[in-house]
Amino acid sequence: MYYIGVDIGGTNISAGAVSHKGELLVKKSVKTGKERPYREVLADIISLIHEIKADAISFGEPVRIGLGCPGSCNKDGGIVEFSGNLNWHNVPLTEDIEREFNVCAILENDAGAAAYGEFVAGAAKGLNSAVVITLGTGVGAGIIIDKKLFRGENFAGGEIGHTVICVDGPPCTCGRSGCFEVFSSATGLIRMTKEAMNENKDSLMHKIADEMGKAGARTAFIAAKQGDKTAEKVVSDYIKYLACGITNVINTLQPDCLCIGGGVCNEGDYLLTPLRELVAKEIYTRDSAKNTEILICQLGNDAGIIGAAMIDN
């Protein structure tokens, strides 16, 4: 007995067999090819699930198939109402998967699935409440309250990335300006890095960007560790904005823990120590004996697969 989790991303589709304890038993992935029509991508998802079943044959038959997908996912109807990353509009994903495999399928937003993965098998395991924020191309988030994933009435709850932290700030892809995502995503960090490089042609970041082939999310951090003042300012500003958004979340929800994931978290304590210090100074409950713990996600890219597989509510 096992569960299948599918994590549908704009670049890759990953799937795996997951034990009842949240252990990843088998994993495979294919390129998404998101420019293709829904039916072509669906065919690849189905093929991938068949491959997982074949590789996991020694574990028996899957009990359930969980599907994590970007966008607005109507769990009750099993419909992806809209996914900008995939250009899907009202596609019956759950129905199509259940027809092929004759087993229960559950649809969930990909960020929610990743959050649930951390809750059942990662950094938030065993806790009552948690918020998981992923700092990638955008800022994805999932909220766990009383051990259940919070979705909101329209299944779009948890869009923390599209809360504003700087009124009249830079435009966001959602149509607002100054969103948390604009400043705290990897995309936002790269934008701030390039702006600082344009203002200071002598910054070490130019040399590092040339060596890397382009300016990326690590550029400012690498240069800052070598004493470049311009890079230090970029890193300081980035952490300041990240702390602002995280403080807002903690003040609103007061979860047991708040987990952050994404490539920038590879900076470890260089990111985490000043972030924790800033949040500790700003949270409303700063004098409380027990406050939200800020942690790094543990499951990496496997969180979405494990979470999608394990969601049953």
# chains A, B, ... in the order shown; residues from 1 in each chain; ligands from 1

$ residues_around --residues "stretch 273-286 of chain A" --least-positions-apart "5" --cutoff "12 Å" --atoms "only C-alpha atoms" --output "mmCIF file with N, CA, C and O atoms, in the first residue's frame"
data_model
loop_
_atom_site.group_PDB
_atom_site.id
_atom_site.type_symbol
_atom_site.label_atom_id
_atom_site.label_comp_id
_atom_site.auth_asym_id
_atom_site.auth_seq_id
_atom_site.Cartn_x
_atom_site.Cartn_y
_atom_site.Cartn_z
ATOM 1 N N VAL A 235 22.068 42.641 0.078
ATOM 2 C CA VAL A 235 21.709 41.542 0.977
ATOM 3 C C VAL A 235 20.946 42.064 2.186
ATOM 4 O O VAL A 235 19.927 41.503 2.603
ATOM 5 N N SER A 236 21.429 43.175 2.751
ATOM 6 C CA SER A 236 20.768 43.774 3.913
ATOM 7 C C SER A 236 19.342 44.192 3.579
ATOM 8 O O SER A 236 18.406 43.942 4.353
ATOM 9 N N ASP A 237 19.156 44.833 2.422
ATOM 10 C CA ASP A 237 17.816 45.264 2.014
ATOM 11 C C ASP A 237 16.908 44.058 1.764
ATOM 12 O O ASP A 237 15.730 44.059 2.146
ATOM 13 N N TYR A 238 17.467 43.029 1.115
ATOM 14 C CA TYR A 238 16.669 41.837 0.831
ATOM 15 C C TYR A 238 16.163 41.208 2.129
ATOM 16 O O TYR A 238 14.972 40.881 2.255
ATOM 17 N N ILE A 239 17.045 41.057 3.095
ATOM 18 C CA ILE A 239 16.657 40.449 4.364
ATOM 19 C C ILE A 239 15.669 41.345 5.106
ATOM 20 O O ILE A 239 14.744 40.854 5.772
ATOM 21 N N LYS A 240 15.824 42.654 4.985
ATOM 22 C CA LYS A 240 14.891 43.598 5.615
ATOM 23 C C LYS A 240 13.473 43.404 5.069
ATOM 24 O O LYS A 240 12.502 43.337 5.839
ATOM 25 N N TYR A 241 13.351 43.313 3.748
ATOM 26 C CA TYR A 241 12.028 43.110 3.144
ATOM 27 C C TYR A 241 11.462 41.742 3.509
ATOM 28 O O TYR A 241 10.261 41.605 3.795
ATOM 29 N N LEU A 242 12.307 40.722 3.490
ATOM 30 C CA LEU A 242 11.868 39.381 3.854
ATOM 31 C C LEU A 242 11.365 39.362 5.293
ATOM 32 O O LEU A 242 10.322 38.760 5.599
ATOM 33 N N ALA A 243 12.089 40.027 6.176
ATOM 34 C CA ALA A 243 11.683 40.092 7.584
ATOM 35 C C ALA A 243 10.351 40.812 7.747
ATOM 36 O O ALA A 243 9.520 40.421 8.585
ATOM 37 N N CYS A 244 10.132 41.840 6.954
ATOM 38 C CA CYS A 244 8.865 42.588 7.023
ATOM 39 C C CYS A 244 7.686 41.684 6.680
ATOM 40 O O CYS A 244 6.693 41.627 7.413
ATOM 41 N N GLY A 245 7.802 40.965 5.573
ATOM 42 C CA GLY A 245 6.725 40.076 5.170
ATOM 43 C C GLY A 245 6.488 38.954 6.160
ATOM 44 O O GLY A 245 5.336 38.615 6.478
ATOM 45 N N ILE A 246 7.559 38.377 6.666
ATOM 46 C CA ILE A 246 7.446 37.283 7.628
ATOM 47 C C ILE A 246 6.838 37.777 8.938
ATOM 48 O O ILE A 246 6.009 37.097 9.549
ATOM 49 N N THR A 247 7.233 38.976 9.367
ATOM 50 C CA THR A 247 6.648 39.553 10.585
ATOM 51 C C THR A 247 5.147 39.734 10.431
ATOM 52 O O THR A 247 4.371 39.448 11.355
ATOM 53 N N ASN A 248 4.704 40.187 9.256
ATOM 54 C CA ASN A 248 3.275 40.356 9.001
ATOM 55 C C ASN A 248 2.532 39.029 9.149
ATOM 56 O O ASN A 248 1.440 38.969 9.731
ATOM 57 N N VAL A 249 3.136 37.971 8.618
ATOM 58 C CA VAL A 249 2.510 36.645 8.693
ATOM 59 C C VAL A 249 2.432 36.176 10.144
ATOM 60 O O VAL A 249 1.390 35.680 10.598
ATOM 61 N N ILE A 250 3.523 36.336 10.879
ATOM 62 C CA ILE A 250 3.540 35.896 12.280
ATOM 63 C C ILE A 250 2.539 36.691 13.108
ATOM 64 O O ILE A 250 1.794 36.132 13.925
ATOM 65 N N ASN A 251 2.488 38.006 12.890
ATOM 66 C CA ASN A 251 1.542 38.832 13.645
ATOM 67 C C ASN A 251 0.094 38.437 13.363
ATOM 68 O O ASN A 251 -0.778 38.552 14.214
ATOM 69 N N THR A 252 -0.165 37.987 12.137
ATOM 70 C CA THR A 252 -1.523 37.617 11.740
ATOM 71 C C THR A 252 -1.929 36.238 12.247
ATOM 72 O O THR A 252 -3.046 36.055 12.757
ATOM 73 N N LEU A 253 -1.023 35.266 12.143
ATOM 74 C CA LEU A 253 -1.398 33.874 12.393
ATOM 75 C C LEU A 253 -0.776 33.253 13.644
ATOM 76 O O LEU A 253 -1.305 32.276 14.157
ATOM 77 N N GLN A 254 0.366 33.758 14.090
ATOM 78 C CA GLN A 254 1.052 33.206 15.255
ATOM 79 C C GLN A 254 1.180 31.674 15.163
ATOM 80 O O GLN A 254 0.802 30.947 16.097
ATOM 81 N N LEU A 258 7.393 28.931 11.245
ATOM 82 C CA LEU A 258 7.333 29.451 9.885
ATOM 83 C C LEU A 258 8.578 28.928 9.168
ATOM 84 O O LEU A 258 9.703 29.186 9.603
ATOM 85 N N CYS A 259 8.365 28.150 8.120
ATOM 86 C CA CYS A 259 9.462 27.531 7.388
ATOM 87 C C CYS A 259 9.671 28.251 6.070
ATOM 88 O O CYS A 259 8.704 28.575 5.374
ATOM 89 N N ILE A 260 10.919 28.502 5.718
ATOM 90 C CA ILE A 260 11.216 29.110 4.428
ATOM 91 C C ILE A 260 12.050 28.141 3.600
ATOM 92 O O ILE A 260 12.907 27.426 4.106
ATOM 93 N N CYS A 265 17.811 29.878 0.576
ATOM 94 C CA CYS A 265 17.998 29.306 1.911
ATOM 95 C C CYS A 265 19.284 28.501 2.024
ATOM 96 O O CYS A 265 19.695 28.137 3.133
ATOM 97 N N GLU A 267 21.980 29.742 1.768
ATOM 98 C CA GLU A 267 22.902 30.652 2.448
ATOM 99 C C GLU A 267 22.970 30.368 3.946
ATOM 100 O O GLU A 267 23.846 30.898 4.632
ATOM 101 N N GLY A 268 22.067 29.558 4.452
ATOM 102 C CA GLY A 268 22.121 29.116 5.847
ATOM 103 C C GLY A 268 22.079 30.252 6.849
ATOM 104 O O GLY A 268 21.266 31.173 6.737
ATOM 105 N N ASN A 291 7.413 32.187 21.059
ATOM 106 C CA ASN A 291 7.111 32.822 19.781
ATOM 107 C C ASN A 291 7.348 31.847 18.633
ATOM 108 O O ASN A 291 7.979 30.797 18.795
ATOM 109 N N THR A 292 6.851 32.215 17.475
ATOM 110 C CA THR A 292 7.000 31.406 16.266
ATOM 111 C C THR A 292 8.476 31.169 15.959
ATOM 112 O O THR A 292 9.275 32.108 15.943
ATOM 113 N N GLU A 293 8.824 29.923 15.703
ATOM 114 C CA GLU A 293 10.194 29.577 15.345
ATOM 115 C C GLU A 293 10.356 29.665 13.831
ATOM 116 O O GLU A 293 9.516 29.160 13.076
ATOM 117 N N ILE A 294 11.418 30.304 13.369
ATOM 118 C CA ILE A 294 11.698 30.410 11.936
ATOM 119 C C ILE A 294 12.712 29.338 11.563
ATOM 120 O O ILE A 294 13.812 29.292 12.110
ATOM 121 N N LEU A 295 12.326 28.472 10.626
ATOM 122 C CA LEU A 295 13.138 27.317 10.264
ATOM 123 C C LEU A 295 13.357 27.259 8.757
ATOM 124 O O LEU A 295 12.630 27.896 7.988
ATOM 125 N N ILE A 296 14.342 26.473 8.351
ATOM 126 C CA ILE A 296 14.566 26.196 6.930
ATOM 127 C C ILE A 296 13.844 24.898 6.572
ATOM 128 O O ILE A 296 13.888 23.918 7.319
#

$ residues_around --residues "A:Cys104" --least-positions-apart "4" --cutoff "8 Å" --atoms "only C-alpha atoms" --output "ChimeraX atom specification"
/A:63-65,98

$ select_by_dssp --residues "stretch 21-248 of chain A" --states "strand (DSSP E or B)" --output "PyMOL selection string"
chain A and resi 24-31+62-69+72-74+79-83+88-91+105-109+130-135+139-145+148-149+164+171+177+179

$ write_last_selection --atoms "C-alpha atoms" --output "PDB file, in the first residue's frame"
ATOM      1  CA  LEU A  24       9.541   8.789  -0.719  1.00  0.00           C
ATOM      2  CA  LEU A  25       9.967   5.312  -2.199  1.00  0.00           C
ATOM      3  CA  VAL A  26      10.261   6.019  -5.931  1.00  0.00           C
ATOM      4  CA  LYS A  27      10.668   9.263  -7.866  1.00  0.00           C
ATOM      5  CA  LYS A  28      10.665  10.235 -11.547  1.00  0.00           C
ATOM      6  CA  SER A  29      10.290  13.452 -13.525  1.00  0.00           C
ATOM      7  CA  VAL A  30       9.790  14.775 -17.048  1.00  0.00           C
ATOM      8  CA  LYS A  31       9.899  18.214 -18.654  1.00  0.00           C
ATOM      9  CA  PRO A  62      -1.739   2.929  -4.814  1.00  0.00           C
ATOM     10  CA  VAL A  63      -4.477   3.979  -2.419  1.00  0.00           C
ATOM     11  CA  ARG A  64      -4.714   7.508  -3.747  1.00  0.00           C
ATOM     12  CA  ILE A  65      -3.186   9.903  -6.267  1.00  0.00           C
ATOM     13  CA  GLY A  66      -2.482  13.456  -5.130  1.00  0.00           C
ATOM     14  CA  LEU A  67      -1.995  16.222  -7.684  1.00  0.00           C
ATOM     15  CA  GLY A  68      -0.183  19.464  -6.821  1.00  0.00           C
ATOM     16  CA  CYS A  69      -0.700  22.135  -9.458  1.00  0.00           C
ATOM     17  CA  SER A  72      -6.382  28.279  -8.497  1.00  0.00           C
ATOM     18  CA  CYS A  73      -7.337  24.662  -7.797  1.00  0.00           C
ATOM     19  CA  ASN A  74     -10.917  23.783  -6.883  1.00  0.00           C
ATOM     20  CA  ILE A  79     -10.839  21.437 -11.507  1.00  0.00           C
ATOM     21  CA  VAL A  80      -7.837  23.666 -12.152  1.00  0.00           C
ATOM     22  CA  GLU A  81      -9.821  26.852 -12.609  1.00  0.00           C
ATOM     23  CA  PHE A  82      -6.832  28.877 -13.751  1.00  0.00           C
ATOM     24  CA  SER A  83      -3.099  28.330 -13.938  1.00  0.00           C
ATOM     25  CA  TRP A  88      -4.910  26.127 -18.173  1.00  0.00           C
ATOM     26  CA  HIS A  89      -8.503  27.284 -17.799  1.00  0.00           C
ATOM     27  CA  ASN A  90     -11.110  25.091 -16.053  1.00  0.00           C
ATOM     28  CA  VAL A  91      -9.447  21.774 -16.858  1.00  0.00           C
ATOM     29  CA  ALA A 105      -7.442  11.524  -6.938  1.00  0.00           C
ATOM     30  CA  ILE A 106      -7.149  14.730  -4.909  1.00  0.00           C
ATOM     31  CA  LEU A 107      -6.221  18.122  -6.364  1.00  0.00           C
ATOM     32  CA  GLU A 108      -4.271  20.752  -4.431  1.00  0.00           C
ATOM     33  CA  ASN A 109      -2.410  23.967  -5.133  1.00  0.00           C
ATOM     34  CA  ALA A 130       2.751  26.166  10.432  1.00  0.00           C
ATOM     35  CA  VAL A 131       3.292  28.495   7.519  1.00  0.00           C
ATOM     36  CA  VAL A 132       5.608  27.387   4.730  1.00  0.00           C
ATOM     37  CA  ILE A 133       6.951  30.066   2.372  1.00  0.00           C
ATOM     38  CA  THR A 134       8.886  29.173  -0.774  1.00  0.00           C
ATOM     39  CA  LEU A 135      11.181  31.857  -2.187  1.00  0.00           C
ATOM     40  CA  VAL A 139       6.692  33.638  -3.333  1.00  0.00           C
ATOM     41  CA  GLY A 140       4.502  30.593  -2.730  1.00  0.00           C
ATOM     42  CA  ALA A 141       2.937  29.818   0.614  1.00  0.00           C
ATOM     43  CA  GLY A 142       0.859  27.231   2.399  1.00  0.00           C
ATOM     44  CA  ILE A 143      -0.855  27.529   5.782  1.00  0.00           C
ATOM     45  CA  ILE A 144      -1.510  24.701   8.239  1.00  0.00           C
ATOM     46  CA  ILE A 145      -4.015  25.441  11.029  1.00  0.00           C
ATOM     47  CA  LYS A 148      -5.253  20.962   8.390  1.00  0.00           C
ATOM     48  CA  LEU A 149      -4.354  22.839   5.226  1.00  0.00           C
ATOM     49  CA  VAL A 164       1.740  44.591  -0.100  1.00  0.00           C
ATOM     50  CA  PRO A 171       4.731  46.441 -10.066  1.00  0.00           C
ATOM     51  CA  SER A 177       2.434  47.174  -6.715  1.00  0.00           C
ATOM     52  CA  CYS A 179       3.961  43.029  -3.144  1.00  0.00           C
TER      53      CYS A 179
END

$ residues_around --residues "A:Lys225" --least-positions-apart "6" --cutoff "9 Å" --atoms "only C-alpha atoms" --output "VMD selection string"
chain A and resid 231 to 232 270

$ select_by_dssp --residues "stretch 45-247 of chain A" --states "helix (DSSP H, G or I)" --output "ChimeraX atom specification"
/A:45-55,57-59,93-101,110-121,160-162,180-184,186-199,204-212,219-225,229-247

$ atom_distance --atom1 "atom CA of A:Asn301" --atom2 "atom CA of A:Asp96"
25.3 Å

$ closest_residue --among "A:Gly138, A:Gly263, A:Gly152, A:Gly16" --to "A:Ala56" --atoms "only C-alpha atoms"
A:Gly16

$ residues_around --residues "stretch 122-128 of chain A" --least-positions-apart "2" --cutoff "7 Å" --atoms "only C-alpha atoms" --output "ChimeraX atom specification"
/A:117-120,130,145-147,256-257,297-299

$ write_last_selection --atoms "N, CA, C and O atoms" --output "mmCIF file, in the first residue's frame"
data_model
loop_
_atom_site.group_PDB
_atom_site.id
_atom_site.type_symbol
_atom_site.label_atom_id
_atom_site.label_comp_id
_atom_site.auth_asym_id
_atom_site.auth_seq_id
_atom_site.Cartn_x
_atom_site.Cartn_y
_atom_site.Cartn_z
ATOM 1 N N GLY A 117 3.634 18.752 2.820
ATOM 2 C CA GLY A 117 4.773 17.845 2.859
ATOM 3 C C GLY A 117 5.688 18.142 4.028
ATOM 4 O O GLY A 117 6.120 17.226 4.750
ATOM 5 N N GLU A 118 6.003 19.411 4.243
ATOM 6 C CA GLU A 118 6.846 19.792 5.380
ATOM 7 C C GLU A 118 6.157 19.485 6.706
ATOM 8 O O GLU A 118 6.806 19.163 7.696
ATOM 9 N N PHE A 119 4.829 19.552 6.704
ATOM 10 C CA PHE A 119 4.058 19.293 7.917
ATOM 11 C C PHE A 119 4.066 17.808 8.281
ATOM 12 O O PHE A 119 4.193 17.445 9.449
ATOM 13 N N VAL A 120 3.952 16.945 7.296
ATOM 14 C CA VAL A 120 3.868 15.509 7.608
ATOM 15 C C VAL A 120 5.240 14.840 7.706
ATOM 16 O O VAL A 120 5.386 13.815 8.382
ATOM 17 N N ALA A 130 1.518 25.762 11.117
ATOM 18 C CA ALA A 130 2.751 26.166 10.432
ATOM 19 C C ALA A 130 2.416 26.971 9.190
ATOM 20 O O ALA A 130 1.348 26.816 8.600
ATOM 21 N N ILE A 145 -3.372 25.011 9.787
ATOM 22 C CA ILE A 145 -4.015 25.441 11.029
ATOM 23 C C ILE A 145 -4.727 24.235 11.633
ATOM 24 O O ILE A 145 -5.509 23.562 10.947
ATOM 25 N N ASP A 146 -4.467 23.955 12.893
ATOM 26 C CA ASP A 146 -5.063 22.801 13.569
ATOM 27 C C ASP A 146 -4.847 21.518 12.764
ATOM 28 O O ASP A 146 -5.761 20.705 12.591
ATOM 29 N N LYS A 147 -3.622 21.377 12.244
ATOM 30 C CA LYS A 147 -3.184 20.190 11.503
ATOM 31 C C LYS A 147 -3.893 20.005 10.159
ATOM 32 O O LYS A 147 -3.821 18.932 9.546
ATOM 33 N N ASP A 256 3.026 27.852 15.072
ATOM 34 C CA ASP A 256 4.106 27.231 15.847
ATOM 35 C C ASP A 256 5.451 27.483 15.179
ATOM 36 O O ASP A 256 6.451 27.738 15.843
ATOM 37 N N CYS A 257 5.473 27.359 13.847
ATOM 38 C CA CYS A 257 6.716 27.642 13.126
ATOM 39 C C CYS A 257 6.413 28.245 11.777
ATOM 40 O O CYS A 257 5.302 28.105 11.237
ATOM 41 N N CYS A 297 13.160 24.880 5.446
ATOM 42 C CA CYS A 297 12.482 23.665 4.987
ATOM 43 C C CYS A 297 13.490 22.524 4.833
ATOM 44 O O CYS A 297 14.656 22.750 4.506
ATOM 45 N N GLN A 298 13.027 21.303 5.037
ATOM 46 C CA GLN A 298 13.911 20.139 5.029
ATOM 47 C C GLN A 298 13.784 19.274 3.777
ATOM 48 O O GLN A 298 14.716 18.553 3.432
ATOM 49 N N LEU A 299 12.655 19.319 3.094
ATOM 50 C CA LEU A 299 12.387 18.342 2.035
ATOM 51 C C LEU A 299 12.791 18.788 0.636
ATOM 52 O O LEU A 299 12.783 17.977 -0.295
#

$ closest_residue --among "A:Ile8, A:Val182, A:Ala215, A:Leu93" --to "A:Asp168" --atoms "only C-alpha atoms"
A:Val182

$ closest_residue --among "A:Glu61, A:Asp110, A:Glu181, A:Asp76" --to "A:Thr94" --atoms "only C-alpha atoms"
A:Asp76

$ atom_distance --atom1 "atom CA of A:Lys21" --atom2 "atom CA of A:Ile46"
24.6 Å
